[in-house]
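Chemist: Okay, here's the structure, questions in a sec.
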Amino acid sequence: MSLTLEHVSRIVDNQVYIDDACLNFEPGSFNVLLGRTLAGKTSLMRLLAGLDRPTSGRILMNGADVTGVPVRKRNVSMVYQQFINYPTMTVFENIASPLRQAGVAQAEIERKVQETARMLHIENLLRRHPLELSGGQQQRTAMARALVKDADLVLFDEPLVNLDYKLREELRQEMRELFQARRTIAIYATTEPNEALALGGTTTILHEGRVVQSGKTAEVYHRPQQVLAAELFSEPPINLMSGGISGTEVSFEDAVHFPLNPDLRGLGEGAYRFGVRPSHIGLVPSNDDDLELAVTVDLAEISGSETFLHVRNEHFTLVLHLPGVHEYDVDTPILVYIPTHKLFVFDTRGKLAQAPSRRLVRSA
Amino acid sequence: MSKRKRVVLLIYILFLLVPIYWLLNMSFKSNTEILGGLSLWPHGFTLDNYRVIFTDPSWYRGYLNSLYYVSLNTLISLSVALPAAYAFSRYRFLGDKHLFFWLLTNRMAPPAVFLLPFFQLYSSIGLFDTHIAVALAHCLFNVPLAVWILEGFMSGVPKEIDETAYIDGYSFPKFFVKIFIPLIGSGIGVTAFFCFMFSWVELLLARTLTSVEAKPIVAVMTRTVSASGIDWGVLAAAGVLTILPGMLVIWFVRNHVAKGFALGRV
């Protein structure tokens with residue numbers, strides 16, 4: 001079962017929800033849709049499910065056109081961000097509901113429901129009603145209902161958003177295992193780059209209804225084809241500075257100059273935009289080609305055992321993502337070190353010109 | 001403070017119940033005792049008044065007629081309002097808001113306005129003095145009310161439940177009956193209660209559109225002045241029996257009504 005979108009658009013009341021999306025999902029793959037709110041993740045999922053019809057374009061399932069086929073006739077299942085169950089039915093009946101509609105025999109229903117419930121650790125709750133359960137258990141029920149039938153396509157629309165942190169971690173880990181042995185296409189929407197990285201598979205970055213980049217998650221992360229992809233697939237967003245290369249020198253904002261290192265030598269002279277990940281900037285030098293910058297602290301945002309350090313000089317601001325707790329007073333002058341071999345270089349139109357090579361990423 | 005509150009509440013309830021108590025009191029007295037003087041409870045306790053009502057067909061048929069057209073009306077109102085309310089709550093269509101408001105305005109006109117056209121129309125097509133005539137006439141104010149209440153309840157059900165049902169493979173009718181209706185059960189209970197109540201107490205249309213065959217109890221009660229004067233005791237007993245169905249219905253839906261006031265629009 002492969003799923004293909006051909007130039008699919010959806011426009012409602014002159015507002016573009018999805019703009020000319022061309023995508024392909026392989027059978028047995030785990031796909032992440034990454035984008036901020038209003039990027040079109042839900043709209044795209046509703047088109048894939050058949051809940052909405054595209055304004056133009058075609059959707060192909062295994063080569064057959066299913067654009068106009070209503071959701072009932074497609075073999076899909078979906079888990080929403082809200083916990084959606086039938087409140088008047090027990091958990092057992094909730095999970096059994098798609099099987100009952102498909103006319104599966106009672107014994108088979110019993111077996112499948114038990115099996116799925118065990119997989120999601122809710123086998124002792126089958127007699128209860130959904131509203132008597134905690135949020136995590138309710139969402140597990142919804143997921144069980146989605147998994148109990150062997151759907152060709154399973155859609156998860158930010159299913160873990162409304163859960164507490166620990167449950168999220170737990171379910172996210174289980175998520176991959178649940179799909180390991182299946183031939184279904186799983187599509188998972190999220191706003192968090194880290195979640196996409198944790199889930200692996202392939203990632204499609206959406207922004208304002210357009211597909212920015214699609215590919216293997218690691219590939220998309222390490223080689224963002226556009227500035228936008230790099231910004232979206234990074235939390236906090238990647239630091240960007242405009243600058244240029246002239247002769248054997250690189251400059252940021254005509255203010256910071258450093259010698260061209262071997263990695264960037266192939267680029268040629270001209271104006272560029274340089275990006276560096278917040279986690280790559282350090283407080284101590286890590287390599288001999290590090291660029292030392294004198295900056296002042298704007299804010300030290302401490303979140304648990306991590307610190308997001310916002311700093312600036314006269315020309316640009318930077319965000320550092322540091323492990324551990326680092327407390328600074330505002331306006332403290334400090335030195336930060338940018339490893340110049342880990343720079344992303346984009347041309348002036350935003351296209352990737354050079355990504356840091358993976359060899360160096362590994363050694364760091 | 002709380003003691004004073006309790007006293008005030010007690011007095012309030014006392015005053016509220018005095019007329020009803022008096023009605024009950026009268027229904028157990030003979031006419032001579034009622035007209036004889038003030039007595040706070042029936043001295044010569046009698047069930048004769050009730051016996052008259054349960055044995056005289058002109059009395060008990062009034063109740064049966066009323067119950068019949070009221071049930072009929074509740075049934076019609078609900079079956080018409082359920083799909084209408086679903087459409088209003090789930091779909092956007094041309095003029096939906098105006099239509100919804102227009103439905104409500106039907107409640108604003110006094111029923112007397114519709115009296116003449118109803119009477120003439122029903123007479124000319126042979127519906128006069130039938131139960132269905134009254135039931136249909138009462139739809140005038142019960143259907144808008146039912147749509148309004150049900151729409152509130154239905155809008156409280158997330159649309160995703162509908163979609164999940166379709167994804168699970170339910171057809172629309174099956175989803176509506178097996179999943180949606182149980183979900184808004186209390187809303188339907190509240191709606192049925194209000195339809196029942198308004199139809200039960202309505203006098204003007206019910207009396208005008210009937211003569212003998214479908215004469216409602218409220219009409220029977222207003223026509224009890226006989227040659228021997230007014231039969232106070234029987235009238236009081238009839239009054240008590242008229243309150244009873246309402247009390248029963250309230251008893252059954254009391255939990256739902258509380259929910260209804262919180263969730264729906266009532």
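So you can find residues: chains in the structure tokens are A, B, ... in the order shown, residues in each start at 1, and ligands are numbered from 1 in order.
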Please report as CSV every residue of chain A lying within 6 Å of chain B, along with the nearest atom pair and their distance in Å (one decimal), using only C-alpha atoms.

Modeler:
residue,atom,partner,partner_atom,distance
A:Val71,CA,B:Ile167,CA,5.8
A:Arg72,CA,B:Gly169,CA,4.9
A:Ser77,CA,B:Ile167,CA,6.0
A:Pro98,CA,B:Asp168,CA,4.4
A:Gln101,CA,B:Gly169,CA,5.7

Chemist: Using DSSP on the backbone coordinates, identify the residues of segment 49-239 of chain B assigned to helix (DSSP H, G or I); present them as a VMD selection string.

Modeler: chain B and resid 49 to 55 57 to 90 96 to 105 111 to 124 131 to 155 159 to 168 172 to 183 185 to 201 204 to 208 217 to 222 232 to 239

Chemist: Of the candidates A:Asp65, A:Asp150, A:Asp157, A:Glu195, which one gets nearest to Ile84 of chain A if we count only C-alpha atoms?

Modeler: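 Ranked by minimum distance to Ile84 of chain A, first place goes to A:Asp157.
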
Chemist: Write out as a Markdown table a residue-level contact list of segment 26-106 of chain B versus segment 5-20 of chain B with cut-off 12 Å: for each qualifying residue the closest pair of atoms and the distance in Å to one decimal, counting only C-alpha atoms, rows sorted by chain and residue number upward.

Modeler:
| residue | atom | partner | partner_atom | distance |
| --- | --- | --- | --- | --- |
| B:Met26 | CA | B:Ile20 | CA | 9.8 |
| B:Ser27 | CA | B:Ile20 | CA | 10.7 |
| B:Leu40 | CA | B:Val18 | CA | 10.8 |

Chemist: For segment 77-84 of chain B, list every protein, DNA or RNA residue within 8 Å, evaluated using only C-alpha atoms, and leave out those in the same chain fewer than 2 positions away; present the list as a PyMOL selection string.

Modeler: chain B and resi 73-75+86-88+139+142-144+146-147+150+188+191-192+195

Chemist: Can you write out the residues you just picked, keeping N, CA and C atoms, as a compact mmCIF listing (two decimals), in the first residue's frame?

Modeler:
# COMPACT_ATOMS: atom_id res chain seq x y z
N ASN B 73 -47.63 14.68 20.11
CA ASN B 73 -46.89 15.91 19.82
C ASN B 73 -45.43 15.78 20.19
N THR B 74 -45.15 15.20 21.37
CA THR B 74 -43.76 15.03 21.80
C THR B 74 -43.00 14.19 20.78
N LEU B 75 -43.66 13.13 20.32
CA LEU B 75 -43.04 12.24 19.35
C LEU B 75 -42.74 12.96 18.04
N TYR B 86 -29.46 18.62 14.15
CA TYR B 86 -28.17 18.08 13.70
C TYR B 86 -27.62 18.92 12.55
N ALA B 87 -28.50 19.27 11.63
CA ALA B 87 -28.07 20.09 10.50
C ALA B 87 -27.56 21.44 10.97
N PHE B 88 -28.31 22.06 11.90
CA PHE B 88 -27.89 23.38 12.39
C PHE B 88 -26.56 23.30 13.14
N CYS B 139 -47.05 21.69 17.53
CA CYS B 139 -45.70 21.70 16.95
C CYS B 139 -45.24 23.12 16.66
N ASN B 142 -43.54 23.91 19.84
CA ASN B 142 -42.67 22.88 20.40
C ASN B 142 -41.48 22.53 19.50
N VAL B 143 -41.69 22.55 18.17
CA VAL B 143 -40.59 22.21 17.28
C VAL B 143 -39.45 23.22 17.39
N PRO B 144 -39.74 24.53 17.33
CA PRO B 144 -38.63 25.48 17.49
C PRO B 144 -37.91 25.30 18.82
N ALA B 146 -37.67 22.60 20.61
CA ALA B 146 -36.92 21.35 20.59
C ALA B 146 -35.64 21.51 19.78
N VAL B 147 -35.75 22.16 18.61
CA VAL B 147 -34.56 22.38 17.78
C VAL B 147 -33.53 23.18 18.57
N LEU B 150 -32.00 21.02 21.47
CA LEU B 150 -31.17 19.92 20.96
C LEU B 150 -29.91 20.44 20.27
N ILE B 188 -32.28 14.89 24.91
CA ILE B 188 -33.57 14.42 24.40
C ILE B 188 -34.58 14.34 25.55
N THR B 191 -35.71 17.84 26.32
CA THR B 191 -36.58 18.32 25.24
C THR B 191 -37.97 17.70 25.35
N ALA B 192 -37.99 16.40 25.56
CA ALA B 192 -39.27 15.71 25.69
C ALA B 192 -40.07 16.30 26.85
N CYS B 195 -41.51 19.69 25.75
CA CYS B 195 -42.59 19.51 24.78
C CYS B 195 -43.84 19.03 25.52

Chemist: Can you tell me, as a count of residues only, what residues are no more than 12 Å from Pro237 of chain A when counting only C-alpha atoms, ignoring any on the same chain fewer than 2 positions away?

Modeler: 26

Chemist: Rank nothing, just name the residue among B:Tyr68, B:Phe153, B:Phe119, B:Phe128 nearest to Ser199 of chain B, using only C-alpha atoms.

Modeler: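 Counting only C-alpha atoms, the residue closest to Ser199 of chain B is B:Tyr68.
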
Chemist: Residues within 10 Å of Gln225 of chain A, please, as an MDAnalysis selection string. Count only C-alpha atoms; anything in the same chain fewer than 2 positions from it doesn't count.

Modeler: chainID A and resid 212:214 219:223 227:230 346 350:355

Chemist: Any chance you could export the current selection's N, CA and C atoms as a PDB file, in the first residue's frame?

Modeler:
ATOM      1  N   VAL A 212       7.890  21.967   2.646  1.00  0.00           N
ATOM      2  CA  VAL A 212       9.190  22.611   2.558  1.00  0.00           C
ATOM      3  C   VAL A 212      10.244  21.594   2.161  1.00  0.00           C
ATOM      4  N   GLN A 213      10.224  20.452   2.835  1.00  0.00           N
ATOM      5  CA  GLN A 213      11.185  19.401   2.513  1.00  0.00           C
ATOM      6  C   GLN A 213      10.653  18.075   3.019  1.00  0.00           C
ATOM      7  N   SER A 214      10.996  17.018   2.307  1.00  0.00           N
ATOM      8  CA  SER A 214      10.541  15.699   2.715  1.00  0.00           C
ATOM      9  C   SER A 214      11.660  14.701   2.470  1.00  0.00           C
ATOM     10  N   GLU A 219      18.378  12.776   7.276  1.00  0.00           N
ATOM     11  CA  GLU A 219      18.802  13.514   6.090  1.00  0.00           C
ATOM     12  C   GLU A 219      18.221  14.938   6.100  1.00  0.00           C
ATOM     13  N   VAL A 220      16.951  15.039   6.437  1.00  0.00           N
ATOM     14  CA  VAL A 220      16.309  16.349   6.467  1.00  0.00           C
ATOM     15  C   VAL A 220      16.939  17.209   7.561  1.00  0.00           C
ATOM     16  N   TYR A 221      17.250  16.562   8.672  1.00  0.00           N
ATOM     17  CA  TYR A 221      17.829  17.308   9.790  1.00  0.00           C
ATOM     18  C   TYR A 221      19.236  17.786   9.457  1.00  0.00           C
ATOM     19  N   HIS A 222      20.029  16.912   8.873  1.00  0.00           N
ATOM     20  CA  HIS A 222      21.425  17.264   8.643  1.00  0.00           C
ATOM     21  C   HIS A 222      21.651  18.037   7.353  1.00  0.00           C
ATOM     22  N   ARG A 223      20.733  17.886   6.406  1.00  0.00           N
ATOM     23  CA  ARG A 223      20.894  18.634   5.160  1.00  0.00           C
ATOM     24  C   ARG A 223      19.608  19.374   4.814  1.00  0.00           C
ATOM     25  N   VAL A 227      16.713  27.517   4.148  1.00  0.00           N
ATOM     26  CA  VAL A 227      16.816  28.166   5.453  1.00  0.00           C
ATOM     27  C   VAL A 227      15.591  27.820   6.307  1.00  0.00           C
ATOM     28  N   LEU A 228      14.416  27.863   5.647  1.00  0.00           N
ATOM     29  CA  LEU A 228      13.157  27.624   6.351  1.00  0.00           C
ATOM     30  C   LEU A 228      13.146  26.246   7.013  1.00  0.00           C
ATOM     31  N   ALA A 229      13.630  25.248   6.282  1.00  0.00           N
ATOM     32  CA  ALA A 229      13.661  23.889   6.828  1.00  0.00           C
ATOM     33  C   ALA A 229      14.573  23.839   8.044  1.00  0.00           C
ATOM     34  N   ALA A 230      15.700  24.519   7.933  1.00  0.00           N
ATOM     35  CA  ALA A 230      16.644  24.531   9.056  1.00  0.00           C
ATOM     36  C   ALA A 230      16.035  25.222  10.265  1.00  0.00           C
ATOM     37  N   PHE A 346      23.861  29.044   3.444  1.00  0.00           N
ATOM     38  CA  PHE A 346      22.768  29.152   2.480  1.00  0.00           C
ATOM     39  C   PHE A 346      23.072  30.310   1.550  1.00  0.00           C
ATOM     40  N   GLY A 350      18.211  31.545  -0.028  1.00  0.00           N
ATOM     41  CA  GLY A 350      17.787  30.623   1.018  1.00  0.00           C
ATOM     42  C   GLY A 350      18.063  29.168   0.730  1.00  0.00           C
ATOM     43  N   LYS A 351      18.693  28.880  -0.422  1.00  0.00           N
ATOM     44  CA  LYS A 351      18.973  27.483  -0.746  1.00  0.00           C
ATOM     45  C   LYS A 351      20.262  27.037  -0.081  1.00  0.00           C
ATOM     46  N   LEU A 352      20.321  25.764   0.308  1.00  0.00           N
ATOM     47  CA  LEU A 352      21.508  25.257   0.980  1.00  0.00           C
ATOM     48  C   LEU A 352      22.707  25.256   0.020  1.00  0.00           C
ATOM     49  N   ALA A 353      23.802  25.826   0.479  1.00  0.00           N
ATOM     50  CA  ALA A 353      25.018  25.796  -0.329  1.00  0.00           C
ATOM     51  C   ALA A 353      25.999  24.786   0.248  1.00  0.00           C
ATOM     52  N   GLN A 354      25.984  24.655   1.570  1.00  0.00           N
ATOM     53  CA  GLN A 354      26.933  23.758   2.208  1.00  0.00           C
ATOM     54  C   GLN A 354      26.410  23.361   3.581  1.00  0.00           C
ATOM     55  N   ALA A 355      26.417  22.068   3.857  1.00  0.00           N
ATOM     56  CA  ALA A 355      26.049  21.603   5.193  1.00  0.00           C
ATOM     57  C   ALA A 355      27.303  21.046   5.840  1.00  0.00           C
TER      58      ALA A 355
END

Chemist: Which residues in segment 107-159 of chain A does DSSP call strand (DSSP E)? List them as a tab-separated table (two decimals) with N, CA and C atoms, in the first residue's frame.

Modeler:
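Writing done, so here's result39.tsv:
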chain	number	residue	atom	x	y	z
A	153	LEU	N	-3.66	2.80	6.42
A	153	LEU	CA	-3.11	4.11	6.74
A	153	LEU	C	-3.57	4.49	8.15
A	154	VAL	N	-2.62	4.79	9.03
A	154	VAL	CA	-2.97	5.21	10.39
A	154	VAL	C	-2.45	6.63	10.59
A	155	LEU	N	-3.36	7.51	10.97
A	155	LEU	CA	-3.01	8.92	11.11
A	155	LEU	C	-3.03	9.32	12.58
A	156	PHE	N	-1.97	9.96	13.02
A	156	PHE	CA	-1.90	10.46	14.40
A	156	PHE	C	-1.78	11.97	14.34
A	157	ASP	N	-2.80	12.67	14.78
A	157	ASP	CA	-2.76	14.13	14.73
A	157	ASP	C	-2.38	14.67	16.11

Chemist: Give me, as a count of residues only, all polymer residues having an atom no more than 7 Å from Ile245 of chain A, counting only C-alpha atoms and skipping those fewer than 6 positions away in the same chain.

Modeler: 4

Chemist: Near segment 49-51 of chain A, counting only C-alpha atoms, which residues have an atom at most 7 Å away, once you skip same-chain residues fewer than 4 positions from it, shown as a PyMOL selection string?

Modeler: chain A and resi 45+69-71+76

Chemist: Could you check the closest approach to Arg183 of chain A for each of A:Met89, A:Ala151, A:Ala218, A:Leu171 and tell me which residue wins, using only C-alpha atoms?

Modeler: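 Under the stated criterion, the closest residue is A:Ala151.
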
Chemist: From the options B:Met108, B:Val249, B:Arg254, B:Ala237, which residue's atoms come nearest to Val52 of chain B, counting only C-alpha atoms?

Modeler: B:Ala237

Chemist: Provide the atom CA of Glu301 of chain A to atom CA of Phe316 of chain A distance in Å, to one decimal place.

Modeler: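 Atom-to-atom, atom CA of Glu301 of chain A and atom CA of Phe316 of chain A are spaced 18.6 Å apart.
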